[in-house]
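**Q** Contents of final.cif (mmCIF, C-alpha atoms):
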```
data_protein
loop_
_atom_site.label_atom_id
_atom_site.label_comp_id
_atom_site.auth_asym_id
_atom_site.auth_seq_id
_atom_site.Cartn_x
_atom_site.Cartn_y
_atom_site.Cartn_z
CA MET A 1 0.00 0.00 0.00
CA LEU A 2 2.83 2.43 0.87
CA PRO A 3 4.60 2.12 -2.52
CA LEU A 4 1.26 2.69 -4.24
CA LEU A 5 0.61 5.79 -2.12
CA ILE A 6 4.09 7.15 -2.83
CA SER A 7 3.77 6.59 -6.58
CA TYR A 8 0.30 8.17 -6.67
CA THR A 9 1.57 11.19 -4.71
CA TYR A 10 4.44 11.55 -7.18
CA LEU A 11 1.95 11.36 -10.03
CA LEU A 12 -0.08 14.21 -8.52
CA ILE A 13 2.99 16.41 -7.94
CA SER A 14 4.52 15.79 -11.36
CA THR A 15 1.16 16.31 -13.06
CA ASN A 16 0.73 19.74 -11.48
CA ILE A 17 3.90 20.77 -13.31
CA TYR A 18 2.86 18.96 -16.48
CA ILE A 19 -0.54 20.66 -16.66
CA VAL A 20 1.10 24.05 -17.21
CA ASP A 21 3.20 22.70 -20.08
CA ALA A 22 0.23 20.91 -21.65
CA ALA A 23 -2.16 23.86 -21.61
CA THR A 24 -1.83 24.74 -25.28
CA GLY A 25 -1.92 21.24 -26.75
CA LYS A 26 -5.06 19.57 -25.48
CA SER A 27 -7.46 17.38 -27.43
CA ILE A 28 -10.74 18.36 -25.78
CA PHE A 29 -13.80 16.12 -25.45
CA ILE A 30 -17.20 17.12 -24.03
CA LEU A 31 -18.92 14.50 -21.86
CA ALA A 32 -22.64 15.19 -21.67
CA GLY A 33 -25.96 13.49 -21.00
CA GLN A 34 -27.31 11.91 -17.85
CA SER A 35 -26.33 9.38 -15.19
CA ASN A 36 -24.63 6.70 -17.28
CA MET A 37 -22.31 9.31 -18.79
CA SER A 38 -21.77 10.90 -15.39
CA GLY A 39 -21.00 7.43 -14.08
CA ARG A 40 -22.65 5.17 -11.53
CA GLY A 41 -20.28 2.23 -11.88
CA GLY A 42 -19.65 0.75 -8.44
CA VAL A 43 -22.41 2.77 -6.76
CA VAL A 44 -24.65 0.57 -4.59
CA ASN A 45 -27.03 1.84 -1.92
CA LEU A 46 -25.88 5.42 -2.52
CA THR A 47 -22.24 4.53 -1.85
CA TRP A 48 -19.38 4.23 -4.35
CA ASP A 49 -17.14 1.24 -3.71
CA GLY A 50 -14.03 3.21 -4.71
CA TYR A 51 -12.80 0.59 -7.18
CA VAL A 52 -11.02 2.02 -10.24
CA PRO A 53 -10.01 -0.53 -12.90
CA ARG A 54 -6.67 -0.26 -14.65
CA GLU A 55 -8.34 0.97 -17.85
CA SER A 56 -9.77 3.95 -15.93
CA SER A 57 -6.67 4.77 -13.90
CA PRO A 58 -5.11 8.27 -13.80
CA ASN A 59 -2.73 9.17 -16.60
CA PRO A 60 -0.58 12.32 -16.66
CA SER A 61 -1.79 12.91 -20.22
CA ILE A 62 -5.48 12.99 -19.22
CA LEU A 63 -6.89 16.12 -17.59
CA ARG A 64 -10.38 17.19 -16.52
CA LEU A 65 -11.96 20.61 -16.31
CA SER A 66 -13.14 21.05 -12.73
CA ALA A 67 -16.30 22.84 -11.64
CA ASN A 68 -14.26 25.99 -11.06
CA LEU A 69 -12.98 25.83 -14.66
CA SER A 70 -9.40 24.83 -13.86
CA TRP A 71 -7.50 21.92 -15.39
CA GLU A 72 -6.44 19.11 -13.07
CA LEU A 73 -5.40 15.49 -13.23
CA ALA A 74 -8.43 13.43 -14.27
CA VAL A 75 -9.47 10.82 -11.72
CA GLU A 76 -12.66 8.90 -11.10
CA PRO A 77 -15.34 9.94 -10.42
CA LEU A 78 -14.97 12.47 -13.23
CA HIS A 79 -18.30 14.16 -12.48
CA CYS A 80 -17.95 14.36 -8.69
CA ASP A 81 -18.16 18.17 -8.62
CA ILE A 82 -20.57 18.48 -11.55
CA ASP A 83 -23.38 15.98 -10.91
CA VAL A 84 -23.45 17.00 -7.26
CA ALA A 85 -27.00 15.92 -6.40
CA LYS A 86 -26.13 12.25 -6.91
CA VAL A 87 -23.39 9.83 -5.87
CA CYS A 88 -21.02 9.42 -8.79
CA GLY A 89 -18.87 6.42 -9.62
CA VAL A 90 -17.03 5.15 -12.66
CA GLY A 91 -18.20 6.38 -16.07
CA PRO A 92 -16.90 5.82 -19.60
CA GLY A 93 -14.73 8.95 -19.86
CA MET A 94 -11.45 7.71 -18.38
CA ALA A 95 -11.62 4.38 -20.20
CA PHE A 96 -12.29 6.30 -23.41
CA ALA A 97 -9.32 8.63 -22.94
CA ASN A 98 -6.88 5.89 -21.94
CA SER A 99 -7.98 3.73 -24.84
CA LEU A 100 -7.68 6.64 -27.27
CA LEU A 101 -4.12 7.41 -26.21
CA ARG A 102 -3.12 3.76 -26.41
CA LYS A 103 -4.45 3.52 -29.95
CA ASP A 104 -3.08 6.89 -31.10
CA PRO A 105 -0.62 8.71 -28.79
CA ARG A 106 -0.57 11.63 -31.24
CA PHE A 107 -3.68 13.00 -29.56
CA GLY A 108 -1.21 14.15 -26.92
CA VAL A 109 -2.95 15.50 -23.85
CA VAL A 110 -6.66 14.66 -23.59
CA GLY A 111 -8.80 17.25 -21.83
CA LEU A 112 -12.16 15.94 -20.60
CA VAL A 113 -14.99 18.40 -19.93
CA PRO A 114 -17.58 16.70 -17.69
CA CYS A 115 -21.08 18.14 -18.13
CA ALA A 116 -23.50 15.24 -17.56
CA ILE A 117 -26.29 15.50 -14.99
CA GLY A 118 -28.27 12.47 -13.84
CA GLY A 119 -32.02 12.24 -14.36
CA THR A 120 -32.25 14.90 -17.07
CA ASN A 121 -34.63 14.99 -20.00
CA ILE A 122 -33.52 15.99 -23.52
CA SER A 123 -35.77 19.07 -23.26
CA GLU A 124 -33.57 20.27 -20.38
CA TRP A 125 -30.59 20.27 -22.76
CA ALA A 126 -32.28 22.55 -25.29
CA ARG A 127 -30.42 25.66 -26.41
CA GLY A 128 -30.89 28.51 -23.95
CA GLY A 129 -31.59 26.25 -20.99
CA GLY A 130 -29.44 25.93 -17.88
CA LEU A 131 -27.73 22.64 -18.80
CA TYR A 132 -26.99 23.77 -22.35
CA ASN A 133 -25.63 27.10 -21.19
CA GLN A 134 -23.44 25.46 -18.57
CA MET A 135 -22.04 23.02 -21.14
CA MET A 136 -21.25 25.89 -23.52
CA ARG A 137 -19.67 27.96 -20.76
CA ARG A 138 -17.46 25.07 -19.68
CA THR A 139 -16.51 24.12 -23.24
CA LYS A 140 -15.53 27.65 -24.17
CA ALA A 141 -13.53 27.98 -20.96
CA ALA A 142 -11.75 24.74 -21.85
CA VAL A 143 -10.32 26.16 -25.07
CA CYS A 144 -9.34 29.53 -23.61
CA GLY A 145 -5.93 28.25 -22.56
CA GLY A 146 -5.37 26.46 -25.85
CA GLY A 147 -6.46 23.19 -27.34
CA VAL A 148 -8.86 21.82 -29.93
CA ILE A 149 -12.40 20.51 -29.38
CA ARG A 150 -12.21 17.02 -30.85
CA GLY A 151 -15.64 15.66 -30.10
CA LEU A 152 -18.83 15.31 -28.09
CA LEU A 153 -19.60 12.07 -26.24
CA TRP A 154 -23.33 11.86 -25.46
CA TYR A 155 -25.25 9.30 -23.39
CA GLN A 156 -28.79 10.32 -22.49
CA GLY A 157 -32.39 9.27 -22.96
CA GLU A 158 -33.55 7.13 -20.05
CA SER A 159 -35.69 10.00 -18.74
CA ASP A 160 -37.39 10.34 -22.12
CA THR A 161 -38.70 6.75 -22.12
CA LEU A 162 -41.35 7.48 -19.50
CA THR A 163 -44.00 9.19 -21.66
CA LEU A 164 -45.16 8.69 -25.23
CA LYS A 165 -44.94 12.43 -25.86
CA ASP A 166 -41.25 12.63 -24.97
CA ALA A 167 -40.38 9.42 -26.82
CA GLU A 168 -42.09 10.59 -30.01
CA ALA A 169 -40.35 13.97 -29.87
CA TYR A 170 -36.91 12.61 -29.01
CA LYS A 171 -35.40 12.17 -32.45
CA LYS A 172 -36.30 15.72 -33.50
CA ARG A 173 -35.10 17.19 -30.19
CA LEU A 174 -31.82 15.27 -30.32
CA HIS A 175 -31.18 16.32 -33.92
CA ARG A 176 -31.77 19.95 -32.96
CA PHE A 177 -29.47 19.64 -29.94
CA PHE A 178 -26.58 18.26 -32.00
CA GLU A 179 -27.05 20.93 -34.67
CA ASP A 180 -27.21 23.73 -32.08
CA VAL A 181 -24.00 22.53 -30.42
CA ARG A 182 -22.17 22.53 -33.74
CA VAL A 183 -23.47 25.99 -34.66
CA ASP A 184 -22.69 27.57 -31.30
CA LEU A 185 -19.17 26.09 -31.21
CA ARG A 186 -18.66 27.05 -34.87
CA LEU A 187 -17.70 23.45 -35.61
CA PRO A 188 -20.12 22.22 -38.31
CA LEU A 189 -18.28 18.89 -38.63
CA LEU A 190 -17.78 18.27 -34.90
CA PRO A 191 -17.49 14.51 -34.35
CA ILE A 192 -20.29 13.20 -32.13
CA VAL A 193 -20.54 9.72 -30.63
CA GLN A 194 -23.82 8.92 -28.91
CA VAL A 195 -24.84 5.83 -26.96
CA ALA A 196 -28.05 3.91 -27.58
CA LEU A 197 -29.75 2.98 -24.32
CA ALA A 198 -28.80 -0.18 -22.46
CA SER A 199 -31.51 -0.18 -19.80
CA ILE A 200 -35.25 -0.77 -20.05
CA SER A 201 -36.20 2.37 -18.17
CA GLY A 202 -39.77 3.13 -19.24
CA ASN A 203 -42.52 1.80 -21.45
CA TYR A 204 -41.13 3.56 -24.52
CA THR A 205 -37.51 2.39 -24.37
CA ASN A 206 -37.70 0.55 -27.68
CA MET A 207 -39.12 3.63 -29.38
CA MET A 208 -36.28 5.68 -27.93
CA ARG A 209 -33.63 3.23 -29.03
CA GLU A 210 -35.05 3.22 -32.55
CA ALA A 211 -34.86 7.03 -32.63
CA GLN A 212 -31.23 6.93 -31.49
CA LEU A 213 -30.15 4.19 -33.86
CA ARG A 214 -31.92 5.73 -36.87
CA LEU A 215 -30.61 9.28 -36.43
CA LYS A 216 -28.23 10.06 -39.29
CA LEU A 217 -25.93 13.09 -39.34
CA VAL A 218 -22.53 13.69 -40.86
CA ASN A 219 -19.76 12.67 -38.43
CA LEU A 220 -22.22 11.07 -36.03
CA ARG A 221 -21.70 7.52 -34.81
CA THR A 222 -23.94 5.56 -32.47
CA VAL A 223 -22.68 2.78 -30.23
CA ASP A 224 -25.21 0.33 -28.78
CA ALA A 225 -24.87 -0.31 -25.05
CA MET A 226 -27.59 -2.97 -25.02
CA GLY A 227 -26.15 -6.19 -23.63
CA LEU A 228 -23.60 -4.55 -21.34
CA SER A 229 -23.88 -5.59 -17.69
CA MET A 230 -26.17 -3.55 -15.45
CA GLN A 231 -26.01 -2.81 -11.73
CA GLU A 232 -28.35 -4.89 -9.61
CA PRO A 233 -31.04 -4.68 -8.47
CA GLU A 234 -32.40 -1.66 -10.37
CA ARG A 235 -30.70 -2.53 -13.70
CA LEU A 236 -30.66 1.11 -14.70
CA HIS A 237 -26.95 1.91 -14.55
CA LEU A 238 -23.93 0.25 -16.14
CA THR A 239 -21.51 -1.65 -13.93
CA THR A 240 -17.86 -0.63 -13.71
CA PRO A 241 -16.72 -3.34 -16.20
CA ALA A 242 -19.51 -2.26 -18.56
CA GLN A 243 -18.36 1.36 -18.36
CA VAL A 244 -14.84 0.24 -19.31
CA SER A 245 -16.23 -1.66 -22.31
CA LEU A 246 -18.32 1.36 -23.29
CA GLY A 247 -15.30 3.65 -23.10
CA LYS A 248 -13.46 1.42 -25.56
CA MET A 249 -16.52 1.32 -27.83
CA LEU A 250 -16.62 5.13 -27.83
CA THR A 251 -12.95 5.24 -28.80
CA ASN A 252 -13.42 2.89 -31.72
CA ALA A 253 -16.45 4.84 -32.96
CA PHE A 254 -14.66 8.18 -32.66
CA LEU A 255 -11.66 6.91 -34.61
CA GLN A 256 -14.01 5.89 -37.43
CA ILE A 257 -14.94 9.56 -37.83
CA VAL A 258 -11.47 11.09 -37.96
CA ASP A 259 -8.76 10.51 -40.55
CA PRO A 260 -5.11 9.73 -39.70
CA ASN A 261 -4.40 13.47 -39.45
CA HIS A 262 -7.14 13.81 -36.81
CA GLU A 263 -9.39 15.79 -39.13
CA ALA A 264 -13.09 14.96 -39.30
CA ILE A 265 -13.97 12.99 -42.41
CA VAL A 266 -16.56 14.76 -44.55
#
```
Could you spell out this file's structure in structure tokens?
**A**
Amino acid sequence: MLPLLISYTYLLISTNIYIVDAATGKSIFILAGQSNMSGRGGVVNLTWDGYVPRESSPNPSILRLSANLSWELAVEPLHCDIDVAKVCGVGPGMAFANSLLRKDPRFGVVGLVPCAIGGTNISEWARGGGLYNQMMRRTKAAVCGGGVIRGLLWYQGESDTLTLKDAEAYKKRLHRFFEDVRVDLRLPLLPIVQVALASISGNYTNMMREAQLRLKLVNLRTVDAMGLSMQEPERLHLTTPAQVSLGKMLTNAFLQIVDPNHEAIV
């Protein structure tokens, strides 16, 4: 335990120095949506078990934008100071970033911008609303010190499976959300990877999944989380191993969008 503590302390100290040097070269990714993007892996009875798998471990080349808009070493739970009304655990973000850097180290320093809030409906993410405005404020702050916005990772929809009205409107609302993000960031080809629901949340889950899987936009990829392991007994949130698998799936989908020079493919 002592060697591990010493090495982790060294990582924190060395990373504080490294963050200053890395400020201008970040590959920035927005993490948005609701609880399964925020991360509930390892959370049982409102308590996180504290287990962080190797694939989600800290890496000096992976930073997160904190709630006070400062860059720091990224550690699980990534959303601990963002999704503050809930207990956060392991999400897909760290596994995504570690997998991305293993597959292509040229992405350099990955800057993660956590924005997900559990229990939110797509209508709450509409342009002009509080969640949308916070995401835009955090994203624009992320690039102030240098870096390039590489993509949006989006996992949301469980809250929209509860009523027929929301389920029927979802595809149109999601399309509008993605288009608004690209317009407001002035990135018309921004790569977006969304996740199709894994859990049977409400009566209209299948309708929601169909809307997600059938949405077609340039530089949009959809990964299907159905079949990944769910936390018992509620079977609403992905387990820690499932979040690791999802992170790798997000990496593979993102790399399908960009060419070897890291430019979005038209």
**Q** Do you have, as a tab-separated table, the list of residues of stretch 115-178 of chain A lying at most 7 Å from stretch 33-46 of chain A, each with its nearest atom pair and that distance in Å to one decimal, counting only C-alpha atoms and ordered by chain then number?
**A**
```
residue	atom	partner	partner_atom	distance
A:Ala116	CA	A:Gly33	CA	4.6
A:Ile117	CA	A:Gln34	CA	4.7
A:Gly118	CA	A:Ser35	CA	3.9
A:Gly119	CA	A:Gln34	CA	5.9
A:Thr120	CA	A:Gln34	CA	5.8
A:Trp154	CA	A:Gly33	CA	5.4
A:Tyr155	CA	A:Gly33	CA	4.9
A:Gln156	CA	A:Gly33	CA	4.5
```
**Q** Please report the interatomic distance between atom CA of A:Asn98 and atom CA of A:Val193 in Å with one decimal.
**A**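 Going from atom CA of A:Asn98 over to atom CA of A:Val193, I get 16.6 Å.
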**Q** Here is a test: counting only C-alpha atoms, which residue of A:Leu69, A:Leu189, A:Ile122, A:Val87 is nearest to A:Glu263?
**A**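 Among the listed residues, A:Leu189 lies closest to A:Glu263.
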**Q** To verify the selection step, state as a ChimeraX atom specification which residues the PyMOL selection byres ((chain A and resi 163) around 12) yields on this input.
**A** /A:121,157-162,164-170,201-205,207-208
**Q** Could you please give me, as a list in words, the residues of protein, DNA or RNA lying at most 7 Å from (-20.9, 21.9, -26.8) in the coordinate frame of the file, considering all atoms listed in the file?
**A**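 Residues with an atom close enough to that point: Ile30, Met135, Met136, Thr139, Val181 and Leu185 of chain A.
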**Q** Any idea what the distance is between atom CA of A:His175 and atom CA of A:Ser123?
**A**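 Atom-to-atom, atom CA of A:His175 and atom CA of A:Ser123 are spaced 11.9 Å apart.
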**Q** Enumerate, as a VMD selection string, the residues matched when the PyMOL selection byres ((chain A and resi 56-66) around 8) is run on the file above.
**A** chain A and resid 11 15 18 to 19 52 to 55 67 to 76 78 81 to 82 94 to 95 97 to 98 108 to 114 138 142 244
**Q** Given the selection you just returned, output its residues as a file containing C-alpha atoms, formatted as a JSON list (two decimals), in the frame of the given file.
**A**
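The resulting file, out-v1.json, is reproduced below:
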```json
[["chain", "number", "residue", "atom", "x", "y", "z"],
["A", 11, "LEU", "CA", 1.95, 11.36, -10.03],
["A", 15, "THR", "CA", 1.16, 16.31, -13.06],
["A", 18, "TYR", "CA", 2.86, 18.96, -16.48],
["A", 19, "ILE", "CA", -0.54, 20.66, -16.66],
["A", 52, "VAL", "CA", -11.02, 2.02, -10.24],
["A", 53, "PRO", "CA", -10.01, -0.53, -12.90],
["A", 54, "ARG", "CA", -6.67, -0.26, -14.65],
["A", 55, "GLU", "CA", -8.34, 0.97, -17.85],
["A", 67, "ALA", "CA", -16.30, 22.84, -11.64],
["A", 68, "ASN", "CA", -14.26, 25.99, -11.06],
["A", 69, "LEU", "CA", -12.98, 25.83, -14.66],
["A", 70, "SER", "CA", -9.40, 24.83, -13.86],
["A", 71, "TRP", "CA", -7.50, 21.92, -15.39],
["A", 72, "GLU", "CA", -6.44, 19.11, -13.07],
["A", 73, "LEU", "CA", -5.40, 15.49, -13.23],
["A", 74, "ALA", "CA", -8.43, 13.43, -14.27],
["A", 75, "VAL", "CA", -9.47, 10.82, -11.72],
["A", 76, "GLU", "CA", -12.66, 8.90, -11.10],
["A", 78, "LEU", "CA", -14.97, 12.47, -13.23],
["A", 81, "ASP", "CA", -18.16, 18.17, -8.62],
["A", 82, "ILE", "CA", -20.57, 18.48, -11.55],
["A", 94, "MET", "CA", -11.45, 7.71, -18.38],
["A", 95, "ALA", "CA", -11.62, 4.38, -20.20],
["A", 97, "ALA", "CA", -9.32, 8.63, -22.94],
["A", 98, "ASN", "CA", -6.88, 5.89, -21.94],
["A", 108, "GLY", "CA", -1.21, 14.15, -26.92],
["A", 109, "VAL", "CA", -2.95, 15.50, -23.85],
["A", 110, "VAL", "CA", -6.66, 14.66, -23.59],
["A", 111, "GLY", "CA", -8.80, 17.25, -21.83],
["A", 112, "LEU", "CA", -12.16, 15.94, -20.60],
["A", 113, "VAL", "CA", -14.99, 18.40, -19.93],
["A", 114, "PRO", "CA", -17.58, 16.70, -17.69],
["A", 138, "ARG", "CA", -17.46, 25.07, -19.68],
["A", 142, "ALA", "CA", -11.75, 24.74, -21.85],
["A", 244, "VAL", "CA", -14.84, 0.24, -19.31]]
```
**Q** Measuring between all atoms listed in the file, which one of A:Leu187, A:Val90, A:Ile200, A:Ala85 shows the shortest distance to A:Glu234?
**A**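 Closest to A:Glu234 of all the choices is A:Ile200.
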**Q** Contacts of stretch 250-253 of chain A at 8 Å or less, counting all atoms listed in the file, minus same-chain residues fewer than 5 places along, as a PyMOL selection string?
**A** chain A and resi 96-97+99-100+153+193+221-223
**Q** Can you list, as a PyMOL selection string, the residues that the PyMOL selection byres ((chain A and resi 196) around 6) selects here?
**A** chain A and resi 195+197+209+212+224-225
**Q** If I take atom CA of A:Lys171 and atom CA of A:Thr240, how far is one from the other in Å, to one decimal?
**A** 28.7 Å
